[in-house]
file target.tsv (TSV, C-alpha atoms)
chain	number	residue	atom	x	y	z
A	1	MET	CA	12.11	120.54	147.96
A	2	ASP	CA	14.79	117.86	147.66
A	3	ASN	CA	16.25	116.20	144.61
A	4	GLY	CA	16.00	112.59	143.54
A	5	TYR	CA	18.22	110.49	141.26
A	6	TYR	CA	16.80	109.75	137.82
A	7	LEU	CA	18.17	106.50	136.38
A	8	TYR	CA	18.79	106.23	132.61
A	9	ALA	CA	20.87	103.13	132.16
A	10	ILE	CA	23.17	100.52	133.65
A	11	ALA	CA	26.52	99.73	132.02
A	12	LYS	CA	29.73	97.92	132.85
A	13	GLU	CA	32.36	99.88	134.74
A	14	HIS	CA	34.88	101.60	132.41
A	15	SER	CA	32.41	101.51	129.49
A	16	LYS	CA	32.30	104.41	127.06
A	17	ALA	CA	28.96	105.50	128.48
A	18	ILE	CA	31.02	107.71	130.79
A	19	ASP	CA	31.84	109.94	127.78
A	20	PHE	CA	28.54	111.68	128.49
A	21	LEU	CA	29.20	112.58	132.10
A	22	GLY	CA	28.69	116.28	132.55
A	23	CYS	CA	26.19	116.65	129.69
A	24	PRO	CA	22.79	118.05	130.67
A	25	GLY	CA	20.33	115.53	132.12
A	26	ILE	CA	16.55	115.34	131.68
A	27	ASP	CA	16.40	118.45	133.82
A	28	PRO	CA	19.14	120.43	132.04
A	29	GLN	CA	20.12	122.16	135.28
A	30	TYR	CA	21.70	118.93	136.48
A	31	PRO	CA	24.51	117.07	134.69
A	32	ILE	CA	24.63	113.39	133.88
A	33	MET	CA	26.76	111.51	136.39
A	34	SER	CA	27.68	107.94	137.20
A	35	LEU	CA	27.47	105.89	140.36
A	36	THR	CA	29.81	102.93	140.51
A	37	HIS	CA	29.42	99.71	142.46
A	38	ALA	CA	30.00	96.00	141.92
A	39	GLU	CA	31.87	96.61	138.62
A	40	LEU	CA	28.76	98.29	137.23
A	41	ILE	CA	27.82	101.91	136.70
A	42	ALA	CA	24.44	103.52	136.95
A	43	ILE	CA	24.01	106.58	134.72
A	44	VAL	CA	21.87	109.11	136.58
A	45	SER	CA	21.19	112.79	137.00
A	46	GLN	CA	19.51	114.68	139.77
A	47	VAL	CA	15.91	115.79	139.30
A	48	PRO	CA	13.79	118.00	141.53
A	49	LEU	CA	11.16	116.03	143.44
A	50	SER	CA	8.86	119.00	142.91
A	51	GLN	CA	8.51	117.55	139.37
A	52	PHE	CA	9.35	113.88	139.79
A	53	GLY	CA	8.07	113.23	143.31
A	54	LYS	CA	5.11	110.88	143.75
A	55	GLU	CA	2.19	113.28	143.48
A	56	ALA	CA	3.92	115.67	141.09
A	57	LEU	CA	4.79	112.84	138.70
A	58	ALA	CA	1.27	111.41	138.75
A	59	ALA	CA	-0.08	114.83	137.81
A	60	ASN	CA	2.65	115.69	135.28
A	61	VAL	CA	2.32	112.51	133.21
A	62	GLN	CA	-1.30	113.41	132.49
A	63	ASP	CA	-0.11	116.58	130.79
A	64	PHE	CA	1.21	115.91	127.30
A	65	THR	CA	2.91	119.27	127.09
A	66	TRP	CA	5.04	118.06	130.00
A	67	LEU	CA	5.23	114.36	129.09
A	68	GLU	CA	6.23	114.57	125.44
A	69	PRO	CA	9.41	116.66	125.76
A	70	GLN	CA	10.44	114.68	128.84
A	71	ALA	CA	9.92	111.34	127.08
A	72	ARG	CA	11.89	112.54	124.07
A	73	ALA	CA	14.68	113.87	126.29
A	74	HIS	CA	14.85	110.54	128.10
A	75	ASP	CA	15.05	108.66	124.81
A	76	GLY	CA	17.64	111.10	123.48
A	77	ILE	CA	19.96	110.56	126.43
A	78	VAL	CA	19.52	106.79	126.46
A	79	ARG	CA	20.09	106.63	122.69
A	80	GLN	CA	23.36	108.55	122.98
A	81	LEU	CA	24.55	106.25	125.74
A	82	ALA	CA	23.59	103.21	123.66
A	83	SER	CA	25.47	104.56	120.64
A	84	LYS	CA	28.71	104.50	122.64
A	85	SER	CA	28.48	101.30	124.61
A	86	THR	CA	26.32	98.41	125.68
A	87	ILE	CA	23.74	99.56	128.20
A	88	ILE	CA	20.60	98.35	129.88
A	89	PRO	CA	18.10	101.10	129.04
A	90	ILE	CA	15.78	101.96	131.91
A	91	ARG	CA	12.13	103.00	131.54
A	92	PHE	CA	10.88	106.55	131.79
A	93	ALA	CA	10.77	108.20	135.23
A	94	THR	CA	12.59	105.64	137.37
A	95	VAL	CA	13.67	107.81	140.28
A	96	TYR	CA	15.45	107.04	143.57
A	97	TYR	CA	15.49	109.05	146.76
A	98	SER	CA	19.25	108.73	147.24
A	99	ALA	CA	22.48	107.75	145.48
A	100	ASP	CA	22.84	104.96	148.04
A	101	ASN	CA	19.55	103.45	146.94
A	102	VAL	CA	20.87	103.31	143.36
A	103	ARG	CA	24.11	101.67	144.50
A	104	GLN	CA	22.08	99.17	146.45
A	105	LEU	CA	20.25	98.26	143.27
A	106	LEU	CA	23.57	97.59	141.53
A	107	VAL	CA	24.58	95.25	144.33
A	108	SER	CA	21.31	93.37	144.65
A	109	GLU	CA	20.81	92.79	140.90
A	110	LYS	CA	24.51	92.50	140.00
A	111	ASP	CA	24.39	89.05	138.42
A	112	GLN	CA	21.21	89.69	136.44
A	113	PHE	CA	22.57	93.00	135.14
A	114	LYS	CA	25.79	91.37	133.99
A	115	GLN	CA	23.96	88.56	132.21
A	116	LEU	CA	21.66	91.03	130.53
A	117	LEU	CA	24.55	93.24	129.42
A	118	ASP	CA	26.15	90.23	127.76
A	119	LYS	CA	22.89	89.42	125.98
A	120	LEU	CA	22.41	93.00	124.75
A	121	ASP	CA	26.03	93.51	123.68
A	122	GLY	CA	26.14	94.97	120.16
A	123	ARG	CA	22.38	94.65	119.67
A	124	TRP	CA	19.52	97.05	119.05
A	125	GLU	CA	15.77	96.80	119.06
A	126	MET	CA	13.78	97.09	115.83
A	127	GLY	CA	10.04	97.60	116.04
A	128	VAL	CA	7.71	95.99	113.54
A	129	THR	CA	4.24	97.43	114.01
A	130	ILE	CA	1.36	95.86	112.13
A	131	ASP	CA	-1.58	98.24	111.72
A	132	PHE	CA	-4.97	96.81	110.83
A	133	ASP	CA	-7.67	98.92	109.23
A	134	LYS	CA	-10.74	97.27	110.72
A	135	GLU	CA	-13.15	98.99	108.37
A	136	LYS	CA	-11.33	97.59	105.33
A	137	LEU	CA	-11.06	94.17	106.91
A	138	ARG	CA	-14.79	94.21	107.66
A	139	SER	CA	-15.76	95.00	104.10
A	140	SER	CA	-13.35	92.49	102.65
A	141	ILE	CA	-14.79	89.80	104.94
A	142	LYS	CA	-18.32	90.79	103.89
A	143	GLN	CA	-17.39	90.30	100.27
A	144	SER	CA	-15.27	87.20	100.52
A	145	ASP	CA	-16.87	85.04	103.21
A	146	SER	CA	-19.83	83.12	101.77
A	147	GLN	CA	-21.62	82.57	105.11
A	148	VAL	CA	-21.40	86.24	105.94
A	149	SER	CA	-22.64	87.42	102.58
A	150	GLU	CA	-25.55	84.93	102.68
A	151	LEU	CA	-26.53	86.25	106.08
A	152	ALA	CA	-26.31	89.84	104.83
A	153	ASP	CA	-28.63	88.96	101.92
A	154	LYS	CA	-31.07	87.31	104.30
A	155	ILE	CA	-31.20	90.45	106.48
A	156	GLU	CA	-32.29	92.52	103.48
A	157	ARG	CA	-35.23	90.17	102.93
A	158	THR	CA	-36.52	89.84	106.53
A	159	LYS	CA	-38.83	91.88	108.74
A	160	PRO	CA	-37.21	94.63	110.87
A	161	GLY	CA	-37.53	92.74	114.21
A	162	THR	CA	-35.85	89.59	112.95
A	163	ALA	CA	-33.41	91.61	110.92
A	164	TYR	CA	-32.15	93.27	114.10
A	165	LEU	CA	-31.27	89.91	115.66
A	166	LEU	CA	-29.69	88.68	112.47
A	167	GLN	CA	-27.70	91.88	112.25
A	168	LYS	CA	-26.30	91.20	115.73
A	169	LYS	CA	-25.39	87.68	114.64
A	170	LEU	CA	-23.71	89.05	111.54
A	171	GLU	CA	-21.61	91.50	113.55
A	172	THR	CA	-20.49	88.72	115.92
A	173	GLN	CA	-19.54	86.51	113.00
A	174	ILE	CA	-17.61	89.26	111.28
A	175	SER	CA	-15.67	90.24	114.37
A	176	SER	CA	-14.78	86.63	115.15
A	177	LEU	CA	-13.55	86.14	111.56
A	178	MET	CA	-11.61	89.37	111.86
A	179	ASP	CA	-9.95	88.22	115.10
A	180	THR	CA	-8.97	84.96	113.45
A	181	TYR	CA	-7.58	86.81	110.45
A	182	ILE	CA	-5.56	89.23	112.61
A	183	ASP	CA	-4.22	86.43	114.84
A	184	SER	CA	-3.10	84.36	111.90
A	185	LYS	CA	-1.36	87.30	110.19
A	186	VAL	CA	0.44	88.34	113.38
A	187	GLN	CA	1.51	84.76	114.03
A	188	LEU	CA	2.84	84.40	110.51
A	189	ILE	CA	4.84	87.61	110.79
A	190	ALA	CA	6.16	86.80	114.27
A	191	ASP	CA	7.35	83.38	113.04
A	192	ARG	CA	9.09	84.97	110.10
A	193	LEU	CA	10.71	87.66	112.27
A	194	SER	CA	11.99	85.15	114.77
A	195	GLN	CA	14.03	83.62	111.95
A	196	LEU	CA	15.58	87.00	111.17
A	197	CYS	CA	16.72	88.12	114.61
A	198	ILE	CA	18.05	87.07	117.99
A	199	SER	CA	14.73	87.18	119.78
A	200	VAL	CA	11.25	88.62	119.40
A	201	SER	CA	8.80	89.98	121.92
A	202	GLN	CA	5.21	90.26	120.84
A	203	GLY	CA	2.95	92.91	122.30
A	204	ALA	CA	-0.79	92.58	122.80
A	205	LEU	CA	-3.27	93.79	120.20
A	206	ALA	CA	-3.98	97.39	121.09
A	207	SER	CA	-6.17	100.14	119.81
A	208	PRO	CA	-5.20	103.77	120.16
A	209	GLY	CA	-8.74	105.08	120.18
A	210	ASN	CA	-12.30	103.97	120.72
A	211	GLU	CA	-13.74	105.49	117.62
A	212	ILE	CA	-11.08	104.97	115.05
A	213	ASN	CA	-10.89	101.71	113.22
A	214	LEU	CA	-7.27	101.00	113.89
A	215	ALA	CA	-5.79	98.12	115.83
A	216	TYR	CA	-2.09	97.44	116.04
A	217	VAL	CA	0.43	94.94	117.30
A	218	THR	CA	4.08	95.68	117.82
A	219	ILE	CA	6.65	92.95	117.62
A	220	ALA	CA	10.00	94.00	119.04
A	221	CYS	CA	13.05	92.33	117.51
A	222	LEU	CA	16.52	92.18	119.00
A	223	VAL	CA	18.94	92.57	116.09
A	224	ASP	CA	22.73	92.51	115.82
A	225	GLN	CA	23.97	96.01	115.00
A	226	ASN	CA	25.74	94.86	111.83
A	227	LYS	CA	22.58	93.13	110.58
A	228	ILE	CA	20.17	96.06	110.94
A	229	ASP	CA	20.35	97.01	107.24
A	230	LEU	CA	19.85	93.42	106.20
A	231	PHE	CA	16.90	93.10	108.57
A	232	GLN	CA	15.26	96.24	107.17
A	233	ASP	CA	15.77	95.13	103.57
A	234	GLU	CA	14.34	91.69	104.27
A	235	ILE	CA	11.22	93.16	105.88
A	236	LEU	CA	10.77	95.69	103.09
A	237	ASP	CA	11.14	93.09	100.34
A	238	TRP	CA	8.86	90.73	102.11
A	239	GLY	CA	6.20	93.40	102.66
A	240	LYS	CA	5.82	93.81	98.92
A	241	THR	CA	4.02	90.51	98.80
A	242	TYR	CA	1.12	92.05	100.71
A	243	PRO	CA	-1.38	93.93	98.59
A	244	PRO	CA	-2.46	97.22	100.21
A	245	GLU	CA	-6.17	96.33	100.05
A	246	ALA	CA	-5.64	93.60	102.64
A	247	GLY	CA	-6.30	96.28	105.30
A	248	MET	CA	-2.92	95.73	106.84
A	249	THR	CA	0.23	97.84	106.85
A	250	ILE	CA	3.57	97.10	108.40
A	251	ARG	CA	5.60	99.90	109.91
A	252	LEU	CA	9.22	99.61	110.78
A	253	THR	CA	10.63	101.74	113.58
A	254	GLY	CA	14.09	101.76	115.02
A	255	PRO	CA	16.81	101.15	115.77
A	256	TRP	CA	15.81	101.67	119.40
A	257	PRO	CA	17.87	101.11	122.50
A	258	PRO	CA	16.74	97.63	123.55
A	259	TYR	CA	14.02	98.87	125.94
A	260	THR	CA	11.76	95.89	125.41
A	261	PHE	CA	14.51	93.38	126.10
A	262	SER	CA	15.66	94.93	129.34
A	263	SER	CA	13.36	93.05	131.68
A	264	LEU	CA	15.21	91.37	134.48
A	265	ASN	CA	13.07	88.29	134.23
A	266	GLU	CA	12.21	87.00	130.81
A	267	THR	CA	8.50	87.65	131.00
A	268	ASN	CA	6.55	88.37	127.87
A	269	ARG	CA	4.95	91.65	127.07
A	270	GLU	CA	1.43	90.32	127.42
A	271	THR	CA	0.85	92.60	130.39
A	272	VAL	CA	0.68	95.58	128.04
A	273	SER	CA	-3.00	96.39	127.98
A	274	HIS	CA	-3.86	99.60	126.27
A	275	VAL	CA	-7.25	101.12	126.37
A	276	ASN	CA	-9.25	99.16	123.86
B	1	MET	CA	20.99	102.20	99.76
B	2	SER	CA	17.57	100.91	100.63
B	3	THR	CA	15.95	104.36	100.84
B	4	GLU	CA	14.63	104.02	97.30
B	5	LYS	CA	13.13	100.68	98.04
B	6	LYS	CA	11.33	102.12	101.05
B	7	ARG	CA	9.84	104.89	98.99
B	8	ARG	CA	8.53	102.55	96.35
B	9	ASN	CA	6.95	100.13	98.77
B	10	PRO	CA	3.22	100.70	99.20
B	11	VAL	CA	2.71	98.58	102.30
B	12	ILE	CA	5.72	99.14	104.47
B	13	THR	CA	6.77	102.57	105.56
B	14	ASN	CA	9.68	103.55	107.69
B	15	ASP	CA	8.37	106.85	109.04
B	16	ASN	CA	9.82	108.57	111.99
B	17	PHE	CA	8.36	107.16	115.15
B	18	THR	CA	5.36	108.77	116.82
B	19	LEU	CA	4.82	109.65	120.45
B	20	LEU	CA	2.74	106.47	120.71
B	21	ASP	CA	5.66	104.33	119.49
B	22	LEU	CA	7.92	106.02	122.01
B	23	LEU	CA	5.54	105.69	124.95
B	24	ASP	CA	4.86	102.05	124.06
B	25	ARG	CA	8.51	101.45	124.90
B	26	LEU	CA	9.15	103.90	127.69
B	27	LEU	CA	6.06	103.07	129.73
B	28	TYR	CA	6.06	99.32	129.36
B	29	LYS	CA	4.63	97.87	132.52
B	30	GLY	CA	6.87	94.84	132.78
B	31	VAL	CA	9.33	94.88	135.63
B	32	VAL	CA	12.65	96.28	134.49
B	33	VAL	CA	13.98	98.04	137.51
B	34	ARG	CA	11.72	99.29	140.21
B	35	GLY	CA	12.64	102.80	141.35
B	36	ASP	CA	11.65	104.39	144.64
B	37	LEU	CA	9.38	106.44	142.43
B	38	THR	CA	7.88	105.09	139.22
B	39	ILE	CA	4.81	105.76	137.18
B	40	SER	CA	2.06	103.55	138.54
B	41	VAL	CA	0.14	101.12	136.34
B	42	ALA	CA	-3.00	103.19	136.90
B	43	ASP	CA	-1.18	106.28	135.63
B	44	VAL	CA	0.03	104.41	132.54
B	45	ASP	CA	-3.58	103.43	131.81
B	46	LEU	CA	-4.62	107.05	132.19
B	47	ILE	CA	-1.88	108.18	129.82
B	48	TYR	CA	-3.12	105.75	127.17
B	49	LEU	CA	-6.69	106.82	127.74
B	50	GLN	CA	-5.71	110.44	127.19
B	51	LEU	CA	-3.56	109.55	124.25
B	52	SER	CA	-6.51	107.71	122.70
B	53	VAL	CA	-8.69	110.79	123.11
B	54	LEU	CA	-5.95	112.85	121.51
B	55	LEU	CA	-5.56	110.43	118.59
B	56	THR	CA	-9.32	110.24	118.12
B	57	SER	CA	-9.58	113.99	117.93
B	58	VAL	CA	-6.72	114.06	115.43
B	59	ALA	CA	-8.53	111.48	113.30
B	60	LYS	CA	-11.75	113.49	113.48
B	61	PHE	CA	-9.91	116.64	112.61
B	62	GLN	CA	-8.36	114.92	109.62
B	63	GLU	CA	-11.76	113.70	108.49
B	64	SER	CA	-13.38	117.08	108.91
B	65	CYS	CA	-10.73	118.91	106.94
B	66	ALA	CA	-9.97	116.24	104.38
B	67	SER	CA	-11.21	118.50	101.60
B	68	SER	CA	-9.67	121.72	102.88
B	69	PRO	CA	-6.24	122.90	101.74
B	70	PHE	CA	-5.05	122.48	105.33
B	71	SER	CA	-2.70	119.54	105.47
B	72	PRO	CA	-3.80	116.98	108.05
B	73	GLY	CA	-0.24	115.70	108.13
B	74	ILE	CA	0.91	118.94	109.64
B	75	ALA	CA	-1.85	118.93	112.21
B	76	LYS	CA	-0.94	115.42	113.26
B	77	GLU	CA	2.70	116.25	113.56
B	78	ALA	CA	1.98	119.31	115.65
B	79	LEU	CA	-0.10	117.27	118.06
B	80	LEU	CA	2.19	114.27	118.29
call {"tool": "encode", "arguments": {"input": "target.tsv", "output": "structure tokens"}}
result
Amino acid sequence: MDNGYYLYAIAKEHSKAIDFLGCPGIDPQYPIMSLTHAELIAIVSQVPLSQFGKEALAANVQDFTWLEPQARAHDGIVRQLASKSTIIPIRFATVYYSADNVRQLLVSEKDQFKQLLDKLDGRWEMGVTIDFDKEKLRSSIKQSDSQVSELADKIERTKPGTAYLLQKKLETQISSLMDTYIDSKVQLIADRLSQLCISVSQGALASPGNEINLAYVTIACLVDQNKIDLFQDEILDWGKTYPPEAGMTIRLTGPWPPYTFSSLNETNRETVSHVN
Amino acid sequence: MSTEKKRRNPVITNDNFTLLDLLDRLLYKGVVVRGDLTISVADVDLIYLQLSVLLTSVAKFQESCASSPFSPGIAKEALL
């Protein structure tokens, strides 16, 4: 079967990203190479279509023993490129049938790529993930909200049939209060973060499993490289004001190559819809 | 250095990222650059569905062996 061209990143011509040419690509059999056009370079390596072709890819990504090492290898290569020069990091498994098709991309999106490279120059992405423990939130709402606790008392005193309906009402009330609580916390944090960095991109509320009581939101922050330490310290100091029993934890990840800020059009991340 | 601060903070942790953190970035469905071949939106949904099953089973495993000397942290790391 033939090979395709796996795209990792776009950089300006003569950038230091070319230091990595010749290093092993995502398939270590094939070296990293560059394709130049329109004063831009595309960093690519060949990959066998037997693994990255349409059907093969669709099947492979369902297999975590395949997906995980590949995703980490992709990130590893992109990270190294980003550590040397300004790049536009490309998402996982973006593959072209020919080198000409990659060059064509450089030509057709030339202006957008150049603008984006200027925006990303010297900047990294920091991830602020807010995890909510829904079980803790639920019990804290039950204790603190007077309407909810009155309703809970009433349920204890009513007949089973009525109690069932009241129970439903109680659940609805609690989950609406919980949504309001989560929204207000996320908004507060996003506002604060936007004062600390160049720009923020807020993901949708997602839940990694049906049965576990966790919901999370990730806010990606574009931060100047020389302000990363400051950014981390600010977040850490600020997090101390939140008591752990609030059912909320904040996780800091990064620095990441600016994956989230590499959209060609400035659309928000609201399209991210995980399985809830 | 701020490492000490991080350790003392009860709410904010700066752990190494998980596979979920990584995939959240690498599989983002917004249009970056469209390849001739890319993972379809349906496939991304399937990946998250599978990941959720995986995470749920990790959580269950942690619950079920919370009292055993087996460290759930190790199990989680092995799976992620």
call {"tool": "residues_near_point", "arguments": {"input": "target.tsv", "point": "(3.9, 110.7, 134.2)", "cutoff": "7 Å", "atoms": "only C-alpha atoms", "output": "short mmCIF file (atom, residue, chain, number, x, y, z; two decimals) with C-alpha atoms, in the frame of the given file"}}
result
data_model
loop_
_atom_site.label_atom_id
_atom_site.label_comp_id
_atom_site.auth_asym_id
_atom_site.auth_seq_id
_atom_site.Cartn_x
_atom_site.Cartn_y
_atom_site.Cartn_z
CA LEU A 57 4.79 112.84 138.70
CA ALA A 58 1.27 111.41 138.75
CA ALA A 59 -0.08 114.83 137.81
CA ASN A 60 2.65 115.69 135.28
CA VAL A 61 2.32 112.51 133.21
CA GLN A 62 -1.30 113.41 132.49
CA LEU A 67 5.23 114.36 129.09
CA ILE B 39 4.81 105.76 137.18
CA ASP B 43 -1.18 106.28 135.63
#
call {"tool": "atom_distance", "arguments": {"input": "target.tsv", "atom1": "atom CA of A:Ala204", "atom2": "atom CA of A:Thr218"}}
result
7.6 Å
call {"tool": "residues_around", "arguments": {"input": "target.tsv", "residues": "stretch 34-36 of chain B", "least_positions_apart": "6", "cutoff": "8 Å", "atoms": "all atoms listed in the file", "output": "PDB file with C-alpha atoms, keeping the file's coordinate frame"}}
result
ATOM      1  CA  THR A  94      12.590 105.640 137.370  1.00  0.00           C
ATOM      2  CA  VAL A  95      13.670 107.810 140.280  1.00  0.00           C
ATOM      3  CA  TYR A  96      15.450 107.040 143.570  1.00  0.00           C
ATOM      4  CA  TYR A  97      15.490 109.050 146.760  1.00  0.00           C
TER       5      TYR A  97
END
call {"tool": "residues_around", "arguments": {"input": "target.tsv", "residues": "stretch 260-264 of chain A", "least_positions_apart": "6", "cutoff": "9 Å", "atoms": "only C-alpha atoms", "output": "PyMOL selection string"}}
result
(chain A and resi 88-90+109+112-113+116+120+125+199-201+220-222) or (chain B and resi 25-26+28+30-33)
call {"tool": "write_last_selection", "arguments": {"input": "target.tsv", "atoms": "C-alpha atoms", "output": "PDB file, in the coordinates of the input"}}
result
ATOM      1  CA  ILE A  88      20.600  98.350 129.880  1.00  0.00           C
ATOM      2  CA  PRO A  89      18.100 101.100 129.040  1.00  0.00           C
ATOM      3  CA  ILE A  90      15.780 101.960 131.910  1.00  0.00           C
ATOM      4  CA  GLU A 109      20.810  92.790 140.900  1.00  0.00           C
ATOM      5  CA  GLN A 112      21.210  89.690 136.440  1.00  0.00           C
ATOM      6  CA  PHE A 113      22.570  93.000 135.140  1.00  0.00           C
ATOM      7  CA  LEU A 116      21.660  91.030 130.530  1.00  0.00           C
ATOM      8  CA  LEU A 120      22.410  93.000 124.750  1.00  0.00           C
ATOM      9  CA  GLU A 125      15.770  96.800 119.060  1.00  0.00           C
ATOM     10  CA  SER A 199      14.730  87.180 119.780  1.00  0.00           C
ATOM     11  CA  VAL A 200      11.250  88.620 119.400  1.00  0.00           C
ATOM     12  CA  SER A 201       8.800  89.980 121.920  1.00  0.00           C
ATOM     13  CA  ALA A 220      10.000  94.000 119.040  1.00  0.00           C
ATOM     14  CA  CYS A 221      13.050  92.330 117.510  1.00  0.00           C
ATOM     15  CA  LEU A 222      16.520  92.180 119.000  1.00  0.00           C
TER      16      LEU A 222
ATOM     17  CA  ARG B  25       8.510 101.450 124.900  1.00  0.00           C
ATOM     18  CA  LEU B  26       9.150 103.900 127.690  1.00  0.00           C
ATOM     19  CA  TYR B  28       6.060  99.320 129.360  1.00  0.00           C
ATOM     20  CA  GLY B  30       6.870  94.840 132.780  1.00  0.00           C
ATOM     21  CA  VAL B  31       9.330  94.880 135.630  1.00  0.00           C
ATOM     22  CA  VAL B  32      12.650  96.280 134.490  1.00  0.00           C
ATOM     23  CA  VAL B  33      13.980  98.040 137.510  1.00  0.00           C
TER      24      VAL B  33
END
call {"tool": "atom_distance", "arguments": {"input": "target.tsv", "atom1": "atom CA of A:Gln202", "atom2": "atom CA of A:Lys110"}}
result
27.3 Å
